[in-house]
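Listing of run-v9.txt, compact mmCIF, C-alpha atoms and all ligand atoms
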# COMPACT_ATOMS: atom_id res chain seq x y z
CA MET A 234 -128.78 160.12 7.07
CA GLN A 235 -129.61 158.12 10.21
CA VAL A 236 -126.89 157.06 12.64
CA ARG A 237 -126.61 155.08 15.85
CA ARG A 238 -123.76 153.96 18.07
CA CYS A 239 -122.03 150.65 17.31
CA ALA A 240 -123.12 147.69 19.43
CA VAL A 241 -120.02 147.38 21.63
CA VAL A 242 -117.35 149.94 22.43
CA PHE A 243 -115.19 150.40 25.53
CA VAL A 244 -113.13 153.50 26.17
CA GLU A 245 -109.84 153.16 28.04
CA PRO A 246 -108.16 156.17 29.67
CA ARG A 247 -104.55 155.35 28.73
CA GLU A 248 -101.24 156.87 29.79
CA ARG A 249 -98.22 156.54 27.54
CA LEU A 250 -94.70 157.92 27.44
CA ASP A 251 -93.85 160.14 24.49
CA PHE A 252 -90.25 160.83 23.48
CA ASP A 253 -89.34 164.08 21.72
CA LEU A 254 -85.77 164.87 20.64
CA ALA A 255 -86.43 168.63 20.73
CA ARG A 256 -87.36 168.41 24.41
CA LEU A 257 -84.15 166.47 25.08
CA VAL A 258 -82.04 169.05 23.23
CA SER A 259 -83.65 171.88 25.20
CA GLY A 260 -82.48 170.37 28.46
CA GLY A 261 -85.16 167.93 29.70
CA THR A 262 -85.28 164.14 29.64
CA GLY A 263 -87.14 164.26 26.31
CA VAL A 264 -89.87 162.08 27.81
CA GLU A 265 -93.38 163.32 28.49
CA THR A 266 -96.43 161.56 29.86
CA VAL A 267 -99.43 161.67 27.55
CA LEU A 268 -102.97 160.89 28.71
CA GLU A 269 -105.48 159.85 26.07
CA TRP A 270 -108.84 158.18 25.49
CA ILE A 271 -108.64 154.99 23.43
CA ALA A 272 -111.81 153.42 21.98
CA LEU A 273 -111.88 149.63 21.60
CA ALA A 274 -114.87 148.57 19.51
CA ALA A 275 -115.91 144.97 18.93
CA HIS A 276 -116.37 145.41 15.18
CA LEU A 277 -113.12 147.32 14.43
CA ASP A 278 -109.55 146.01 14.47
CA ASP A 279 -107.90 149.36 15.13
CA GLU A 280 -107.64 151.10 18.48
CA LEU A 281 -109.02 154.63 17.99
CA LEU A 282 -107.83 157.80 19.64
CA LEU A 283 -110.74 159.98 20.83
CA CYS A 284 -110.75 163.64 21.77
CA ALA A 285 -112.69 164.69 24.88
CA ASP A 286 -115.63 165.96 22.77
CA GLU A 287 -115.88 162.63 20.91
CA MET A 288 -115.71 160.75 24.19
CA GLN A 289 -118.54 162.87 25.56
CA ALA A 290 -120.65 162.62 22.39
CA LEU A 291 -120.30 158.84 22.23
CA GLY A 292 -122.12 158.60 25.55
CA THR A 293 -125.11 160.50 24.17
CA MET A 294 -125.75 158.06 21.30
CA SER A 295 -127.91 154.97 21.62
CA PRO A 296 -126.75 151.69 20.10
CA GLU A 297 -130.41 150.93 19.29
CA LYS A 298 -132.23 154.15 18.34
CA TRP A 299 -131.35 155.78 15.03
CA VAL A 300 -130.85 159.57 15.02
CA ASP A 301 -131.27 161.73 11.92
CA LEU A 302 -128.07 163.77 11.48
CA ASP A 303 -130.17 166.53 9.80
CA SER A 304 -131.96 166.99 13.13
CA ILE A 305 -128.73 168.04 14.92
CA ALA A 306 -128.93 171.84 15.20
CA ASP A 307 -125.58 172.53 16.87
CA PRO A 308 -122.89 172.60 14.12
CA ALA A 309 -120.06 171.85 16.58
CA HIS A 310 -121.88 168.75 17.88
CA LEU A 311 -122.65 167.71 14.31
CA ARG A 312 -118.94 167.90 13.42
CA VAL A 313 -118.08 165.69 16.38
CA LEU A 314 -120.72 163.12 15.36
CA GLN A 315 -119.40 163.15 11.80
CA GLY A 316 -115.92 162.51 13.19
CA LEU A 317 -117.25 159.47 15.09
CA LEU A 318 -118.98 158.30 11.93
CA GLY A 319 -115.68 158.56 10.04
CA LYS A 320 -114.00 156.45 12.72
CA GLY A 321 -116.71 153.78 12.41
CA LEU A 322 -117.95 154.20 16.00
CA LEU A 323 -121.27 155.51 14.73
CA ILE A 324 -123.03 153.33 12.19
CA SER A 325 -124.94 154.87 9.33
CA ASP A 326 -127.98 153.47 7.55
CA ALA A 327 -126.66 154.85 4.25
CA GLY A 328 -124.17 152.09 3.48
CA ALA A 329 -121.17 154.30 2.67
CA GLN A 330 -118.91 152.87 5.40
CA GLY A 331 -117.48 149.84 3.60
CA ASP A 332 -118.25 146.72 5.62
CA VAL A 333 -118.39 148.55 9.00
CA ARG A 334 -122.15 148.12 9.27
CA ARG A 335 -122.03 144.43 8.33
CA ARG A 336 -119.37 143.80 10.98
CA ASP A 337 -121.41 145.65 13.59
CA GLU A 338 -124.50 143.62 12.60
CA ASP A 339 -122.47 140.41 12.99
CA VAL A 340 -121.52 141.38 16.55
CA ARG A 341 -125.17 142.15 17.35
CA ALA A 342 -126.45 138.92 15.79
CA SER A 343 -123.92 136.73 17.59
CA HIS A 344 -125.12 137.49 21.15
CA TRP A 345 -121.65 138.43 22.38
CA ARG A 346 -121.27 139.72 25.93
CA GLY A 347 -119.82 143.19 25.28
CA ILE A 348 -116.67 142.93 27.38
CA SER A 349 -115.85 139.48 25.96
CA ALA A 350 -116.30 140.77 22.40
CA ALA A 351 -113.90 143.68 22.91
CA LEU A 352 -111.39 141.38 24.64
CA HIS A 353 -111.50 138.88 21.78
CA ARG A 354 -111.23 141.46 18.99
CA HIS A 355 -108.36 143.37 20.58
CA THR A 356 -106.11 140.54 21.73
CA ARG A 357 -105.46 139.17 18.23
CA TRP A 358 -102.00 139.34 16.64
CA ARG A 359 -100.91 139.93 13.08
CA GLY A 360 -97.36 139.34 11.82
CA ILE A 361 -95.81 138.88 15.27
CA ASP A 362 -92.48 137.06 15.40
CA THR A 363 -92.02 135.87 18.98
CA LEU A 364 -88.40 134.90 18.29
CA GLU A 365 -87.61 138.47 17.34
CA ALA A 366 -89.45 139.70 20.49
CA GLU A 367 -87.46 137.24 22.63
CA GLN A 368 -84.17 138.41 21.10
CA ARG A 369 -85.13 142.02 21.78
CA PHE A 370 -85.92 141.13 25.42
CA GLY A 371 -82.44 139.55 25.60
CA ARG A 372 -80.77 142.60 24.04
CA GLU A 373 -82.44 145.05 26.43
CA SER A 374 -80.47 143.68 29.36
CA ASP A 375 -78.00 140.88 30.02
CA ARG A 376 -79.19 140.42 33.62
CA PRO A 377 -80.48 136.91 34.35
CA PHE A 378 -84.22 136.30 34.11
CA LEU A 379 -84.68 136.04 37.88
CA ASP A 380 -82.93 139.38 38.45
CA ARG A 381 -85.08 141.13 35.92
CA LEU A 382 -88.46 139.73 36.89
CA GLY A 383 -87.96 138.85 40.54
CA ALA A 384 -89.03 135.47 41.92
CA PRO A 385 -92.26 133.93 40.58
CA GLU A 386 -95.12 132.91 42.85
CA ALA A 387 -94.47 129.68 44.78
CA PRO A 388 -95.44 126.51 42.84
CA VAL A 389 -97.97 125.56 45.53
CA ARG A 390 -100.24 127.65 47.71
CA GLU A 391 -99.72 126.12 51.15
CA ARG A 392 -102.69 126.76 53.46
CA VAL A 393 -101.68 124.71 56.53
CA GLU A 394 -98.48 123.61 58.27
CA PRO A 395 -96.91 120.45 56.76
CA GLY A 396 -97.78 118.49 59.93
CA ARG A 397 -101.51 119.16 59.43
CA ARG A 398 -101.59 117.77 55.91
CA ILE A 399 -103.50 114.54 55.40
CA ALA A 400 -101.29 112.29 53.26
CA LEU A 401 -103.12 110.54 50.43
CA GLY A 402 -102.21 107.11 49.05
CA LYS A 403 -100.22 106.92 45.83
CA ALA A 404 -102.24 106.28 42.68
CA ALA A 405 -101.69 102.79 41.27
CA ASP A 406 -100.08 102.64 37.86
CA SER A 407 -102.52 102.45 34.99
CA GLY A 408 -102.76 102.83 31.24
CA LEU A 409 -103.90 106.42 31.69
CA GLU A 410 -100.99 107.14 34.02
CA ALA A 411 -98.58 105.74 31.39
CA LEU A 412 -100.07 108.03 28.75
CA ILE A 413 -99.87 111.01 31.06
CA ARG A 414 -96.17 110.31 31.61
CA GLN A 415 -95.60 110.28 27.86
CA ARG A 416 -97.26 113.66 27.45
CA VAL A 417 -94.35 116.00 26.87
CA THR A 418 -94.86 119.09 24.72
CA CYS A 419 -92.92 118.40 21.53
CA ARG A 420 -90.56 120.96 19.99
CA ASN A 421 -88.38 118.58 17.94
CA TRP A 422 -89.87 116.73 14.96
CA ASP A 423 -88.75 113.85 12.79
CA THR A 424 -89.35 115.21 9.31
CA THR A 425 -87.82 112.11 7.70
CA ARG A 426 -90.71 109.97 8.94
CA PRO A 427 -94.14 110.77 7.49
CA LEU A 428 -97.19 110.17 9.62
CA SER A 429 -99.17 107.12 8.49
CA THR A 430 -102.70 107.72 7.28
CA GLU A 431 -103.93 105.52 10.12
CA ASP A 432 -102.09 107.44 12.86
CA PHE A 433 -103.35 110.69 11.37
CA ALA A 434 -106.97 109.59 11.10
CA THR A 435 -107.05 107.88 14.50
CA THR A 436 -105.55 110.84 16.36
CA LEU A 437 -108.03 113.22 14.74
CA TYR A 438 -110.93 110.91 15.53
CA ARG A 439 -109.94 110.39 19.17
CA THR A 440 -109.71 114.15 19.67
CA PHE A 441 -112.30 115.76 17.46
CA GLY A 442 -114.52 112.96 16.10
CA ALA A 443 -118.19 112.67 16.99
CA ARG A 444 -119.03 109.30 18.56
CA ALA A 445 -122.73 109.92 18.04
CA THR A 446 -125.21 112.66 17.33
CA SER A 447 -128.57 113.21 18.86
CA ASP A 448 -131.40 115.19 17.37
CA GLU A 449 -134.08 117.14 19.02
CA PRO A 450 -136.18 118.77 16.31
CA GLY A 451 -133.91 121.42 14.78
CA ILE A 452 -131.03 120.89 17.23
CA THR A 453 -128.24 118.42 16.51
CA VAL A 454 -125.67 117.82 19.22
CA MET A 455 -122.55 115.67 19.06
CA LYS A 456 -121.07 113.28 21.58
CA ARG A 457 -117.32 113.87 21.54
CA ALA A 458 -114.40 112.76 23.70
CA VAL A 459 -114.47 116.08 25.55
CA PRO A 460 -117.13 117.89 27.56
CA SER A 461 -118.56 121.12 26.16
CA ALA A 462 -120.80 123.82 27.64
CA GLY A 463 -124.40 123.00 26.71
CA GLY A 464 -123.10 120.03 24.67
CA LEU A 465 -122.73 122.48 21.80
CA HIS A 466 -119.08 121.84 20.79
CA PRO A 467 -118.32 125.16 19.06
CA THR A 468 -114.66 124.35 18.31
CA GLU A 469 -113.65 123.61 14.72
CA ALA A 470 -110.34 122.04 13.68
CA TYR A 471 -108.59 123.63 10.69
CA LEU A 472 -105.53 121.71 9.52
CA LEU A 473 -102.28 122.48 7.80
CA VAL A 474 -101.20 119.00 6.73
CA GLN A 475 -97.45 118.93 6.08
CA ASN A 476 -96.21 115.38 6.23
CA VAL A 477 -98.87 112.66 6.14
CA GLU A 478 -98.88 109.61 3.87
CA GLY A 479 -101.71 109.71 1.37
CA VAL A 480 -102.80 113.28 2.18
CA ARG A 481 -101.65 116.08 -0.11
CA PRO A 482 -99.98 118.92 1.81
CA GLY A 483 -102.48 121.71 2.23
CA LEU A 484 -105.24 123.34 4.23
CA TYR A 485 -108.20 121.28 5.36
CA HIS A 486 -111.21 121.43 7.65
CA TYR A 487 -112.04 118.35 9.70
CA HIS A 488 -115.67 117.23 9.59
CA PRO A 489 -116.30 115.58 12.98
CA ILE A 490 -119.57 113.83 12.13
CA ASP A 491 -118.43 112.37 8.79
CA HIS A 492 -114.87 111.89 10.16
CA ALA A 493 -113.61 113.33 6.90
CA LEU A 494 -111.30 116.02 5.57
CA GLU A 495 -112.70 118.97 3.68
CA PRO A 496 -109.93 120.19 1.33
CA LEU A 497 -109.65 124.00 1.31
CA ALA A 498 -106.39 124.76 -0.54
CA GLU A 499 -103.24 123.00 -1.64
CA VAL A 500 -99.94 124.27 -0.25
CA ALA A 501 -96.69 123.73 -2.13
CA PRO A 502 -94.33 121.69 0.10
CA GLU A 503 -91.65 124.42 -0.19
CA ASP A 504 -94.10 127.05 1.17
CA SER A 505 -95.58 124.98 3.95
CA GLU A 506 -93.13 125.62 6.80
CA ALA A 507 -93.18 129.38 6.19
CA LEU A 508 -96.97 129.22 6.38
CA ALA A 509 -96.80 127.21 9.61
CA LEU A 510 -94.38 129.76 11.02
CA ARG A 511 -96.84 132.55 10.31
CA LEU A 512 -99.56 130.66 12.21
CA VAL A 513 -97.40 130.09 15.30
CA ALA A 514 -95.96 133.61 15.41
CA GLY A 515 -92.41 132.73 14.42
CA GLN A 516 -91.94 129.76 16.81
CA ARG A 517 -89.53 127.73 14.69
CA HIS A 518 -89.82 124.73 17.02
CA PHE A 519 -93.41 124.12 15.88
CA MET A 520 -93.10 124.79 12.15
CA LYS A 521 -92.06 121.24 11.22
CA ALA A 522 -94.91 119.44 12.98
CA HIS A 523 -96.48 116.88 10.64
CA VAL A 524 -99.93 118.34 11.27
CA VAL A 525 -100.69 121.84 12.55
CA ILE A 526 -104.21 122.41 13.86
CA VAL A 527 -105.99 125.72 14.35
CA LEU A 528 -108.66 125.57 17.05
CA ALA A 529 -111.36 128.06 16.11
CA SER A 530 -114.60 128.63 17.95
CA ARG A 531 -117.91 129.20 16.17
CA PHE A 532 -119.13 131.53 18.89
CA ARG A 533 -122.73 131.65 17.69
CA ARG A 534 -123.10 127.93 18.34
CA THR A 535 -122.51 128.45 22.10
CA PHE A 536 -123.89 131.99 22.32
CA TRP A 537 -127.15 130.77 20.74
CA LYS A 538 -127.95 129.30 24.15
CA TYR A 539 -125.77 131.48 26.39
CA ARG A 540 -126.83 134.85 25.02
CA ASN A 541 -124.97 137.92 26.18
CA HIS A 542 -123.72 135.66 28.95
CA ALA A 543 -120.92 136.61 31.33
CA LYS A 544 -119.42 133.08 31.23
CA ALA A 545 -119.90 132.15 27.58
CA TYR A 546 -116.50 133.28 26.24
CA ARG A 547 -114.73 131.53 29.11
CA ALA A 548 -116.66 128.39 28.24
CA VAL A 549 -115.45 128.32 24.63
CA ILE A 550 -111.84 128.85 25.71
CA LEU A 551 -112.19 125.91 28.10
CA ASP A 552 -113.40 123.86 25.13
CA ALA A 553 -110.12 124.43 23.31
CA GLY A 554 -108.20 123.36 26.44
CA HIS A 555 -110.09 120.08 26.68
CA LEU A 556 -109.44 119.31 23.03
CA SER A 557 -105.76 120.11 23.36
CA GLN A 558 -105.23 117.73 26.28
CA THR A 559 -107.14 114.99 24.50
CA LEU A 560 -104.94 115.50 21.45
CA TYR A 561 -101.81 115.13 23.61
CA LEU A 562 -103.10 111.84 25.07
CA ALA A 563 -104.43 110.51 21.77
CA ALA A 564 -101.04 111.21 20.17
CA ALA A 565 -99.17 109.68 23.12
CA GLU A 566 -101.21 106.47 22.82
CA ARG A 567 -99.80 105.96 19.32
CA GLY A 568 -96.25 106.91 20.28
CA LEU A 569 -96.67 110.34 18.71
CA ALA A 570 -96.09 113.78 20.20
CA ALA A 571 -98.18 116.95 20.34
CA PHE A 572 -98.03 120.65 21.17
CA ILE A 573 -100.27 123.62 21.92
CA THR A 574 -99.53 127.31 21.73
CA ALA A 575 -101.51 130.45 22.49
CA ALA A 576 -98.82 132.65 20.89
CA VAL A 577 -100.43 132.70 17.46
CA ASN A 578 -101.12 135.24 14.74
CA GLU A 579 -104.91 135.12 14.81
CA ARG A 580 -105.35 137.78 12.13
CA ASP A 581 -103.04 135.98 9.68
CA ILE A 582 -104.85 132.72 10.38
CA GLU A 583 -108.23 134.35 9.72
CA GLU A 584 -106.96 135.49 6.32
CA ILE A 585 -105.43 132.13 5.47
CA PHE A 586 -108.52 130.07 6.36
CA GLY A 587 -111.17 132.72 5.57
CA LEU A 588 -112.51 133.12 9.13
CA ASP A 589 -114.37 136.10 10.56
CA PRO A 590 -112.90 136.84 14.01
CA MET A 591 -116.22 137.48 15.73
CA LEU A 592 -118.03 134.51 14.16
CA GLU A 593 -115.29 131.88 14.07
CA GLY A 594 -112.44 133.04 16.26
CA VAL A 595 -109.00 131.50 16.60
CA LEU A 596 -108.23 130.42 20.18
CA ALA A 597 -105.02 128.41 19.88
CA VAL A 598 -102.87 126.32 17.55
CA SER A 599 -101.88 122.74 18.30
CA GLY A 600 -100.42 119.92 16.28
CA PHE A 601 -98.88 116.46 16.33
CA GLY A 602 -96.42 114.17 14.61
CA TRP A 603 -93.30 112.05 15.20
CA ARG A 604 -90.83 113.36 17.76
CA GLY A 605 -87.29 113.77 16.42
CA GLU A 606 -84.19 111.93 17.51
CA PHE A 607 -82.26 114.91 18.89
CA VAL A 608 -83.08 117.75 21.30
CA ASP A 609 -82.42 120.99 19.47
CA GLU A 610 -85.16 122.82 21.35
CA VAL A 611 -85.71 122.21 25.04
CA GLU A 612 -88.58 119.98 26.14
CA PHE A 613 -89.79 119.57 29.71
CA ASP A 614 -89.18 115.92 30.54
CA PRO A 615 -88.00 115.64 34.16
CA LEU A 616 -89.15 112.00 34.34
CA GLY A 617 -87.04 111.02 31.35
CA SER A 618 -90.15 109.59 29.69
CA VAL A 619 -89.20 110.53 26.16
CA TRP A 620 -85.58 111.69 26.41
CA PRO A 621 -82.93 109.51 28.11
CA ASN A 622 -81.25 112.52 29.79
CA GLY A 623 -84.63 113.81 31.03
CA GLY A 624 -83.58 117.42 30.60
CA GLY A 625 -82.04 117.49 34.10
CA MET A 626 -85.31 118.36 35.88
CA LYS A 627 -86.06 117.23 39.42
CA LYS A 628 -88.50 114.32 39.79
CA VAL A 629 -91.45 114.77 42.19
CA GLU A 630 -91.25 111.77 44.60
C1 LIG B 1 -102.27 127.76 26.92
C2 LIG B 1 -100.87 127.26 26.62
C3 LIG B 1 -100.05 128.04 25.84
C4 LIG B 1 -98.78 127.60 25.52
N1 LIG B 1 -98.00 128.35 24.69
C5 LIG B 1 -96.78 127.90 24.32
C6 LIG B 1 -95.97 128.66 23.43
O1 LIG B 1 -96.34 129.75 23.00
N2 LIG B 1 -94.77 128.15 23.05
C7 LIG B 1 -94.32 126.95 23.52
O2 LIG B 1 -93.22 126.54 23.12
N3 LIG B 1 -95.07 126.22 24.39
C8 LIG B 1 -96.27 126.66 24.79
N4 LIG B 1 -97.05 125.93 25.64
C9 LIG B 1 -96.53 124.66 26.18
C10 LIG B 1 -95.94 124.88 27.56
O3 LIG B 1 -94.75 125.61 27.43
C11 LIG B 1 -95.70 123.52 28.21
O4 LIG B 1 -96.95 122.93 28.49
C12 LIG B 1 -94.89 123.67 29.49
O5 LIG B 1 -93.58 124.05 29.20
C13 LIG B 1 -94.85 122.37 30.28
O6 LIG B 1 -94.32 121.32 29.48
P1 LIG B 1 -95.16 119.99 29.23
O7 LIG B 1 -96.37 120.35 28.43
O8 LIG B 1 -94.23 119.10 28.45
O9 LIG B 1 -95.52 119.44 30.56
C14 LIG B 1 -98.31 126.35 26.00
C15 LIG B 1 -99.15 125.57 26.81
C16 LIG B 1 -100.44 126.03 27.10
C17 LIG B 1 -101.33 125.15 27.92
Go ahead and express the file in the form of structure tokens.
Ligand SMILES: Cc1cc2nc3c(=O)[nH]c(=O)nc-3n(C[C@H](O)[C@H](O)[C@H](O)COP(=O)(O)O)c2cc1C
Amino acid sequence: MQVRRCAVVFVEPRERLDFDLARLVSGGTGVETVLEWIALAAHLDDELLLCADEMQALGTMSPEKWVDLDSIADPAHLRVLQGLLGKGLLISDAGAQGDVRRRDEDVRASHWRGISAALHRHTRWRGIDTLEAEQRFGRESDRPFLDRLGAPEAPVRERVEPGRRIALGKAADSGLEALIRQRVTCRNWDTTRPLSTEDFATTLYRTFGARATSDEPGITVMKRAVPSAGGLHPTEAYLLVQNVEGVRPGLYHYHPIDHALEPLAEVAPEDSEALALRLVAGQRHFMKAHVVIVLASRFRRTFWKYRNHAKAYRAVILDAGHLSQTLYLAAAERGLAAFITAAVNERDIEEIFGLDPMLEGVLAVSGFGWRGEFVDEVEFDPLGSVWPNGGGMKKVE
């Protein structure tokens, strides 16, 4: 059998605290510091504990050149290599590793920069409930936030004395300024008022729709409302439609060139909010949004040009940011409200929409709809643009 190292693996020397009741009973604190090697591979979801021999052996294996295991004379070394094979860090040509080899091939074929690939794979959540985490944080101590964390960084980095600042004229009011004032992240939804088909379609078009396409032989690029590295627009919009006139509740993909919905699965209305809650990691204030949108990047589209590139992953994340802000403004123009969150269960979303994390990775979840009449969940509206009481925040003069 031939083996080689997987395409991308980073090893982190990690220190953790280990609690043992027996040590406590025998007179100590019960807590011991444990040092360990943790392997983070771009094709595997699990973090893997390595022994020192495995760590050493990993460094002797090429990710390109295949080695015949029968040619390894030292039985101890062979056992270590077989251990690495069992963990999926060595790839075999024999096909007995489930889909480990296919996943490694996908990483290779996608032109990921190694460190970006490991970062993306190992920062995804499954089944996280942020509400539960917040409650636990609250239970751990009743000291106020400021006491526990200390003061945050100042809101502005001031580089010169106030007297040396060159005052700039106020910007005149404009349509854009009015929209910007209306942009308040929404956490309260009016579920009694469905979104009209026109509001739904227009907001999607403004944000994600292609205004035009241009073709060089073999390369089609879109003109969208937002800029995109290389003009490649890798970000896809996957929708959970909950409350839109004329659109059955369910999962859809938005086709930006045809400006059309691609139906993926129906969702029973009674199951929809629980599904939304899974996407947004238990954030109840987003689960009733009329439309929930997963922003997922088809990495190969951007990495086709920016191969193994130090900036490419940053570029696709920026893409999602541009789309989110455009969604906020497009919604505001129609009197609607929007949100974005990075606290999302990527691994659940991949399962729900059938996405491979290294080929079409989830970057954020946003959404839009009608804002509700009452503030149950706090919104940040110091200008009083959408709530008459303004939330009591100080206005910047
Ligand atoms: C990258 C990013 C992640 C965010 N994640 C969350 C989140 O997890 N939960 C949430 O309620 N709001 C989230 N927000 C919204 C911010 O809390 C919000 O923008 C901030 O409170 C300022 O309010 P404003 O958007 O109304 O100006 C996020 C915003 C951004 C840009």
Shell around stretch 486-501 of chain A at 10 Å using only C-alpha atoms, local window under 6 positions removed, as a list in words = Ala434, Thr435, Leu437, Tyr438, Thr440, Phe441, Gly442, Ala443, Arg444, Ala445, Thr446, Met455, Lys456, Arg457, Glu469, Ala470, Tyr471, Leu472, Leu473, Val474, Gln475, Val480, Leu508, Ile526, Val527, Ile585, Phe586 and Gly587 of chain A
Taking only residues of chain A that have an atom at most 6 Å from an atom of ligand LIG 1 (chain B), what is each one's shortest atom pair and its distance in Å to one decimal, using all atoms listed in the file, in chain and number order, as a tab-separated table?
residue	atom	partner	partner_atom	distance
A:Val417	CA	B:LIG1	O8	3.5
A:Thr418	CA	B:LIG1	O8	3.8
A:Ile573	CA	B:LIG1	C14	5.3
A:Thr574	CA	B:LIG1	N1	3.5
A:Ala575	CA	B:LIG1	C3	4.4
A:Ala576	CA	B:LIG1	O1	4.4
A:Phe613	CA	B:LIG1	O8	4.6
query = Between A:Gln330, A:Ser325, A:Ser505, A:Thr424, which is the closest to A:Gly602 once you count only C-alpha atoms?
reply = A:Thr424
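Atom pair atom CA of A:Pro296 / atom CA of A:Leu317: separated by 13.3 Å.
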inquiry  = Rounded to one decimal, what separation in Å do you get between atom CA of A:Arg341 and atom CA of A:Val241?
reply    =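 Those two atoms sit 8.5 Å apart.
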Could the residues of stretch 304-390 of chain A that have an atom at most 7 Å from stretch 533-545 of chain A be listed as JSON lines, each with its closest atom pair and the distance in Å to one decimal, counting only C-alpha atoms and ordered by chain and ascending residue number?
{"residue": "A:Ser343", "atom": "CA", "partner": "A:Arg533", "partner_atom": "CA", "distance": 5.2}
{"residue": "A:His344", "atom": "CA", "partner": "A:Arg540", "partner_atom": "CA", "distance": 5.0}
{"residue": "A:Trp345", "atom": "CA", "partner": "A:Asn541", "partner_atom": "CA", "distance": 5.1}
{"residue": "A:Arg346", "atom": "CA", "partner": "A:Asn541", "partner_atom": "CA", "distance": 4.1}
Dump C-alpha atoms for the selected residues as an mmCIF file, in the coordinates of the input?
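Dumped everything to out_28.cif:
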data_model
loop_
_atom_site.group_PDB
_atom_site.id
_atom_site.type_symbol
_atom_site.label_atom_id
_atom_site.label_comp_id
_atom_site.auth_asym_id
_atom_site.auth_seq_id
_atom_site.Cartn_x
_atom_site.Cartn_y
_atom_site.Cartn_z
ATOM 1 C CA SER A 343 -123.920 136.730 17.590
ATOM 2 C CA HIS A 344 -125.120 137.490 21.150
ATOM 3 C CA TRP A 345 -121.650 138.430 22.380
ATOM 4 C CA ARG A 346 -121.270 139.720 25.930
#
List the neighbours of A:Asp581 out to 9 Å using only C-alpha atoms; skip same-chain residues closer than 6 positions along the sequence, and give me the result as a compact mmCIF listing (two decimals) with C-alpha atoms, in the coordinates of the input.
# COMPACT_ATOMS: atom_id res chain seq x y z
CA TRP A 358 -102.00 139.34 16.64
CA ARG A 359 -100.91 139.93 13.08
CA GLY A 360 -97.36 139.34 11.82
CA ARG A 511 -96.84 132.55 10.31
CA LEU A 512 -99.56 130.66 12.21
query = Nearest to A:Gln558: which of A:Leu323, A:Leu281, A:Ala507, A:Val459 is it, counting all atoms listed in the file?
reply =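 Nearest to A:Gln558: A:Val459.
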Could you give me, as CSV, a per-residue list for stretch 396-437 of chain A showing, wherever an atom lies at most 12 Å from an atom of stretch 609-612 of chain A, the closest pair of atoms and their distance in Å to one decimal, using only C-alpha atoms and sorting by chain then residue number from low to high?
residue,atom,partner,partner_atom,distance
A:Arg416,CA,A:Glu612,CA,10.8
A:Val417,CA,A:Glu612,CA,7.0
A:Thr418,CA,A:Glu612,CA,6.5
A:Cys419,CA,A:Glu612,CA,6.5
A:Arg420,CA,A:Glu610,CA,5.9
A:Asn421,CA,A:Glu610,CA,6.3
A:Trp422,CA,A:Asp609,CA,9.7
A:Asp423,CA,A:Asp609,CA,11.6
List every protein, DNA or RNA residue with an atom no more than 7 Å from (-95.5, 110.6, 18.6) in the file's coordinates, counting all atoms listed in the file, and format the result as an mmCIF file with C-alpha atoms, in the frame of the given file.
data_model
loop_
_atom_site.group_PDB
_atom_site.id
_atom_site.type_symbol
_atom_site.label_atom_id
_atom_site.label_comp_id
_atom_site.auth_asym_id
_atom_site.auth_seq_id
_atom_site.Cartn_x
_atom_site.Cartn_y
_atom_site.Cartn_z
ATOM 1 C CA ALA A 564 -101.040 111.210 20.170
ATOM 2 C CA ALA A 565 -99.170 109.680 23.120
ATOM 3 C CA ARG A 567 -99.800 105.960 19.320
ATOM 4 C CA GLY A 568 -96.250 106.910 20.280
ATOM 5 C CA LEU A 569 -96.670 110.340 18.710
ATOM 6 C CA ALA A 570 -96.090 113.780 20.200
ATOM 7 C CA GLY A 602 -96.420 114.170 14.610
ATOM 8 C CA TRP A 603 -93.300 112.050 15.200
ATOM 9 C CA ARG A 604 -90.830 113.360 17.760
#
ask   = Using all atoms listed in the file, which of A:Ala272, A:Tyr561, A:Ala351, A:His466 sits nearest A:Thr453?
value =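 Nearest to A:Thr453: A:His466.
Atom to atom, atom CA of A:Ala366 and atom CA of A:Gly515 stand 9.7 Å apart.
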query = Hey, which of A:Ser447, A:Ser349, A:Thr363, A:Thr356 ends up closest to A:Val549? Count all atoms listed in the file.
reply =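 Nearest to A:Val549: A:Ser349.
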